[in-house]
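Working notes for the structure below.
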Amino acid sequence: MPLPSHRITICGIPELPQHVAAGVSHVLSIIDSHEPRPPALDGYSDIDHELVRFDDVVAEYPGFEACTVQHIARMLEFGERAHKAPGSHILVHCHAGVSRSQAAAAILMTQHAPGQEEAAFLRLLELRQHGWPNTRMVEFADQLLKRDGALLGGLLAYRRALIKAKPHLSEVIRNIGRGHELPV
């Protein structure tokens, strides 16, 4: 099954105003657990909006709310609604448009396209010039969608391609404490 034909845009909170007039029909907001609703979302009216709150961490840490299976289930329910809407344009955003929104975009692209996991992750390289999708989100989606590791394989292919194109990012990833996620 091919990747869905609906349009997907990925951004961070500061970029939300840039996409108001782009014909967005669905917005998936993934923001930190204690962050207020971004006022820039007020510009998006008459759309299907799902707000999911958890912090950008890849494991349980004191003082942070990590992603849960229930968060991913809500995203997949949102994806079902968007998939049923002909010509939908999905905007996925998190704080910076780098980790949670990238993972969510790939998950939504593969939701109805089993076997296209690697293609979906590699498409992220076209949709956004930089990113490091949240591993925990991908792990939960892989379980819920019963992909037997295919989503994680797609994530690995993406990371290999990104590091090949931008080798300097390896040091950045190590510096933010996620060096264990670098492909070997």
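So you can find residues: chains in the structure tokens are A, B, ... in the order shown, residues in each start at 1, and ligands are numbered from 1 in order.
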Sorted by chain and rising residue number, list the residues of segment 7-94 of chain A at most 8 Å from segment 125-136 of chain A (counting only C-alpha atoms), each with its closest atom pair and distance in Å to one decimal, as a tab-separated table.
```
residue	atom	partner	partner_atom	distance
A:Ile8	CA	A:Leu127	CA	7.9
A:Thr9	CA	A:Leu127	CA	6.9
A:Ile10	CA	A:Arg128	CA	6.8
A:Asp56	CA	A:Asn134	CA	7.3
A:Val57	CA	A:Asn134	CA	7.6
A:Val58	CA	A:Arg136	CA	5.1
A:Ala59	CA	A:Arg136	CA	7.1
A:Cys67	CA	A:Arg136	CA	6.9
```
Just write the chosen residues, C-alpha atoms, as a PDB file, in the first residue's frame.
```pdb
ATOM      1  CA  ILE A   8       1.803  16.800   5.814  1.00  0.00           C
ATOM      2  CA  THR A   9       3.579  19.839   7.204  1.00  0.00           C
ATOM      3  CA  ILE A  10       5.913  19.722  10.214  1.00  0.00           C
ATOM      4  CA  ASP A  56      10.284  15.269  24.772  1.00  0.00           C
ATOM      5  CA  VAL A  57      12.053  12.479  26.630  1.00  0.00           C
ATOM      6  CA  VAL A  58      12.775   8.938  25.475  1.00  0.00           C
ATOM      7  CA  ALA A  59      12.507   7.261  28.887  1.00  0.00           C
ATOM      8  CA  CYS A  67       5.029   9.499  26.120  1.00  0.00           C
TER       9      CYS A  67
END
```
Could you pull out all residues of chain A with a DSSP call of helix (DSSP H, G or I) and give them as a PyMOL selection string? chain A and resi 13-19+39-43+69-84+100-110+117-127+135-144+150-165+169-175+179-181
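Shortest separation to Ile107 of chain A among A:Leu3, A:Ala141, A:Val92, A:Ala22 occurs at residue A:Ala141, atoms counted being only C-alpha atoms.
Compared by their closest atoms to Ala119 of chain A, and using only C-alpha atoms, the residues A:Val138, A:Val98, A:Leu76, A:Leu151 rank with A:Leu151 nearest.
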Would you pick out the contacts of Leu41 of chain A at 12 Å or less, using only C-alpha atoms, so that residues sharing its chain but fewer than 6 positions from it are not included, and give the list as number ranges by chain? A: 12-20, 24, 26-29, 47-51, 91-93
Surrounding residues of Ala73 of chain A excluding itself and chain neighbours under 6 positions, 12 Å, only C-alpha atoms, as a VMD selection string: chain A and resid 50 52 67 79 to 80 104 107 to 108 111 137 to 138 140 to 145
What are the nearest atom pairs, with distances in Å to one decimal, for all residues of segment 37-117 of chain A that come at most 12 Å from segment 158-166 of chain A, using only C-alpha atoms, set out by chain and rising residue number as a Markdown table?
```
| residue | atom | partner | partner_atom | distance |
| --- | --- | --- | --- | --- |
| A:Gln102 | CA | A:Tyr158 | CA | 11.0 |
| A:Ala103 | CA | A:Tyr158 | CA | 11.0 |
| A:Ala106 | CA | A:Tyr158 | CA | 10.4 |
| A:Glu117 | CA | A:Tyr158 | CA | 10.1 |
```
What's the 10 Å shell around Arg7 of chain A, counting only C-alpha atoms, without same-chain residues fewer than 5 positions away, as an NGL selection string? :A and (23-25 or 87-91 or 109)
